[in-house]
Number of protein chains: 2
Amino acid sequence: MAGTSIIAKRLQQARERAGISSQAKVGLLARLQVSSVSPRMNQYFKSKHAPKLSTMVLIAAGLKTPLPYFYCEDDQLADLILKFGSLDEAQKKQLLDFVDKL
Amino acid sequence: MAGTSIIAKRLQQARERAGISSQAKVGLLARLQVSSVSPRMNQYFKSKHAPKLSTMVLIAAGLKTPLPYFYCEDDQLADLILKFGSLDEAQKKQLLDFVDKL
DNA sequence: CTCGATACTAAGAAGTTCTTAGTATCCCGT
DNA sequence: ACGGGATACTAAGAACTTCTTAGTATCGAG
């Protein structure tokens with residue numbers, strides 16, 4: 001049984017944000033094997049099992065969401081990670097400058 | 001065999017930052033079983049195996065480093081995650097306000 | 001060169017996820 | 001109300017991964 005449920009919570013949020021109509025379709029975007037994608041994704045969404053890292057990399061790519069987002073318990077930091085991913089290079093630099101001056 | 005080597009790279013950086021003299025001692029801080037901590041940690045540092053999530057949670061706590069840091073490929077974002085962890089609540093709020101205005 | 005500490009490896013034991021084969025539930029159209 | 005399709009969910013064994021044991025290798029200090 002999976003220890004924490006960080007991944008399940010973030011998967012659900014990312015799915016909602018992307019407006020994906022089923023758990024299984026999240027797995028299909030990650031190019032997981034069609035025949036088992038539905039129970040497998042359900043196991044992740046219900047945190048019955050934790051996906052191994054290489055699987056989580058595929059899912060993160062499929063959802064176009066930074067990998068560390070799915071391992072982040074802190075909601076504020078999760079939000080920051082998400083927004084960082086949408087910035088252009090100049091904005092990223094600005095943000096890093098700002099944090100150094102705090 | 002482990003897919004990526006994100007974790008290994010971040011473990012090494014966190015270890016150096018904390019000034020810990022051996023791979024095994026990182027595992028001891030995480031309260032891993034003494035008898036197998038040395039090969040086990042070596043497997044993580046060399047990315048022969050990937051620690052399961054519940055183990056990585058312990059290691060992150062032992063190193064007083066945010067968990068998502070160890071799953072972050074992007075160096076800029078890794079840096080941001082690290083620094084976010086050291087801010088007080090007021091500073092975190094300032095940072096989140098700033099990113100929204102970008 | 002020897003010692004202690006650290007790094008590393010192979011291979012089987014132990015534990016986990018992944019697949020198969022379903023059932024359950026929800027919602028919509030008739 | 002009923003049937004059908006889509007989605008959600010579960011048990012249990014197959015397949016695969018990590019974890020443990022039992023070492024060897026390497027490095028630096030004395």
# chains A, B, ... in the order shown; residues from 1 in each chain; ligands from 1

call {"tool": "interface_residues", "arguments": {"of": "chain D", "to": "chain A", "cutoff": "9 Å", "atoms": "only C-alpha atoms (C1' of nucleotides)", "output": "PyMOL selection string"}}
result
chain D and resi 7-10

call {"tool": "write_last_selection", "arguments": {"atoms": "N, CA and C atoms (P, O5', C5', C4', C3', O3' and C1' of nucleotides)", "output": "PDB file, in the first residue's frame"}}
result
ATOM      1  P    DT D   7     -15.439   8.050 -20.825  1.00  0.00           P
ATOM      2  O5'  DT D   7     -15.297   7.832 -19.239  1.00  0.00           O
ATOM      3  C5'  DT D   7     -16.240   8.429 -18.369  1.00  0.00           C
ATOM      4  C4'  DT D   7     -16.225   7.715 -17.031  1.00  0.00           C
ATOM      5  C3'  DT D   7     -14.842   7.533 -16.391  1.00  0.00           C
ATOM      6  O3'  DT D   7     -14.797   8.380 -15.245  1.00  0.00           O
ATOM      7  C1'  DT D   7     -16.212   5.610 -16.130  1.00  0.00           C
ATOM      8  P    DA D   8     -13.537   8.373 -14.243  1.00  0.00           P
ATOM      9  O5'  DA D   8     -13.929   7.239 -13.188  1.00  0.00           O
ATOM     10  C5'  DA D   8     -15.121   7.379 -12.414  1.00  0.00           C
ATOM     11  C4'  DA D   8     -15.201   6.241 -11.419  1.00  0.00           C
ATOM     12  C3'  DA D   8     -13.922   6.022 -10.607  1.00  0.00           C
ATOM     13  O3'  DA D   8     -14.280   6.053  -9.228  1.00  0.00           O
ATOM     14  C1'  DA D   8     -14.684   3.969 -11.552  1.00  0.00           C
ATOM     15  P    DC D   9     -13.130   6.062  -8.100  1.00  0.00           P
ATOM     16  O5'  DC D   9     -12.949   4.492  -7.877  1.00  0.00           O
ATOM     17  C5'  DC D   9     -14.105   3.741  -7.449  1.00  0.00           C
ATOM     18  C4'  DC D   9     -13.841   2.261  -7.592  1.00  0.00           C
ATOM     19  C3'  DC D   9     -12.600   1.727  -6.874  1.00  0.00           C
ATOM     20  O3'  DC D   9     -13.021   1.244  -5.615  1.00  0.00           O
ATOM     21  C1'  DC D   9     -13.110   0.592  -8.929  1.00  0.00           C
ATOM     22  P    DT D  10     -11.928   0.726  -4.544  1.00  0.00           P
ATOM     23  O5'  DT D  10     -11.807  -0.842  -4.821  1.00  0.00           O
ATOM     24  C5'  DT D  10     -12.988  -1.618  -4.981  1.00  0.00           C
ATOM     25  C4'  DT D  10     -12.598  -3.059  -5.254  1.00  0.00           C
ATOM     26  C3'  DT D  10     -11.312  -3.514  -4.566  1.00  0.00           C
ATOM     27  O3'  DT D  10     -11.646  -4.631  -3.746  1.00  0.00           O
ATOM     28  C1'  DT D  10     -11.305  -4.110  -6.866  1.00  0.00           C
TER      29       DT D  10
END

call {"tool": "residues_around", "arguments": {"residues": "B:Phe84", "least_positions_apart": "6", "cutoff": "12 Å", "atoms": "only C-alpha atoms (C1' of nucleotides)", "output": "PyMOL selection string"}}
result
(chain A and resi 74+76-81+95-96+98-100+102) or (chain B and resi 65-66+68-69+77-78+90-96)

call {"tool": "interface_residues", "arguments": {"of": "chain C", "to": "chain A", "cutoff": "9 Å", "atoms": "only C-alpha atoms (C1' of nucleotides)", "output": "ChimeraX atom specification"}}
result
/C:16-20

call {"tool": "closest_residue", "arguments": {"among": "A:Cys72, A:Leu82, A:Ala30, A:Ala18", "to": "chain B", "atoms": "only C-alpha atoms"}}
result
A:Cys72

call {"tool": "atom_distance", "arguments": {"atom1": "atom CA of A:Leu58", "atom2": "atom CA of A:Arg31"}}
result
7.5 Å

call {"tool": "closest_residue", "arguments": {"among": "B:Leu53, B:Lys64, B:Ser86, B:Leu28", "to": "chain A", "atoms": "only C-alpha atoms"}}
result
B:Leu53

call {"tool": "atom_distance", "arguments": {"atom1": "atom C1' of C:DA13", "atom2": "atom C1' of D:DA12"}}
result
21.3 Å

call {"tool": "residues_around", "arguments": {"residues": "D:DC2", "least_positions_apart": "6", "cutoff": "12 Å", "atoms": "only C-alpha atoms (C1' of nucleotides)", "output": "list of chain:residue names"}}
result
C:DC28, C:DG29, C:DT30

call {"tool": "atom_distance", "arguments": {"atom1": "atom C1' of C:DT9", "atom2": "atom C1' of D:DT26"}}
result
13.1 Å

call {"tool": "select_by_dssp", "arguments": {"residues": "chain B", "states": "helix (DSSP H, G or I)", "output": "count of residues only"}}
result
71

call {"tool": "closest_residue", "arguments": {"among": "A:Val34, A:Ile20, A:Met41, A:Ser5", "to": "chain B", "atoms": "only C-alpha atoms"}}
result
A:Ser5

call {"tool": "decode", "arguments": {"residues": "chain D", "atoms": "C-alpha atoms (C1' of nucleotides)", "output": "PDB file, in the first residue's frame"}}
result
ATOM      1  C1'  DA D   1     -38.083   2.096 -15.623  1.00  0.00           C
ATOM      2  C1'  DC D   2     -34.727  -0.049 -18.466  1.00  0.00           C
ATOM      3  C1'  DG D   3     -30.641  -0.763 -21.406  1.00  0.00           C
ATOM      4  C1'  DG D   4     -26.251   0.645 -22.916  1.00  0.00           C
ATOM      5  C1'  DG D   5     -21.994   2.972 -22.842  1.00  0.00           C
ATOM      6  C1'  DA D   6     -18.599   5.251 -20.225  1.00  0.00           C
ATOM      7  C1'  DT D   7     -16.212   5.610 -16.130  1.00  0.00           C
ATOM      8  C1'  DA D   8     -14.684   3.969 -11.552  1.00  0.00           C
ATOM      9  C1'  DC D   9     -13.110   0.592  -8.929  1.00  0.00           C
ATOM     10  C1'  DT D  10     -11.305  -4.110  -6.866  1.00  0.00           C
ATOM     11  C1'  DA D  11      -9.029  -8.817  -6.030  1.00  0.00           C
ATOM     12  C1'  DA D  12      -5.409 -11.670  -6.879  1.00  0.00           C
ATOM     13  C1'  DG D  13      -1.638 -13.614  -9.196  1.00  0.00           C
ATOM     14  C1'  DA D  14       2.277 -12.455 -12.651  1.00  0.00           C
ATOM     15  C1'  DA D  15       5.954  -9.669 -13.346  1.00  0.00           C
ATOM     16  C1'  DC D  16       9.212  -6.685 -11.892  1.00  0.00           C
ATOM     17  C1'  DT D  17      11.718  -3.663  -8.486  1.00  0.00           C
ATOM     18  C1'  DT D  18      13.968  -2.790  -4.470  1.00  0.00           C
ATOM     19  C1'  DC D  19      16.196  -4.369  -0.262  1.00  0.00           C
ATOM     20  C1'  DT D  20      19.316  -7.284   2.236  1.00  0.00           C
ATOM     21  C1'  DT D  21      23.321  -9.998   2.736  1.00  0.00           C
ATOM     22  C1'  DA D  22      27.816 -10.875   1.949  1.00  0.00           C
ATOM     23  C1'  DG D  23      31.182  -9.542   0.354  1.00  0.00           C
ATOM     24  C1'  DT D  24      35.373  -6.731  -2.706  1.00  0.00           C
ATOM     25  C1'  DA D  25      37.477  -2.226  -4.081  1.00  0.00           C
ATOM     26  C1'  DT D  26      39.299   2.205  -3.227  1.00  0.00           C
ATOM     27  C1'  DC D  27      41.054   6.079  -0.804  1.00  0.00           C
ATOM     28  C1'  DG D  28      43.620   8.740   2.654  1.00  0.00           C
ATOM     29  C1'  DA D  29      46.182   9.059   6.954  1.00  0.00           C
ATOM     30  C1'  DG D  30      49.806   7.360   9.721  1.00  0.00           C
TER      31       DG D  30
END
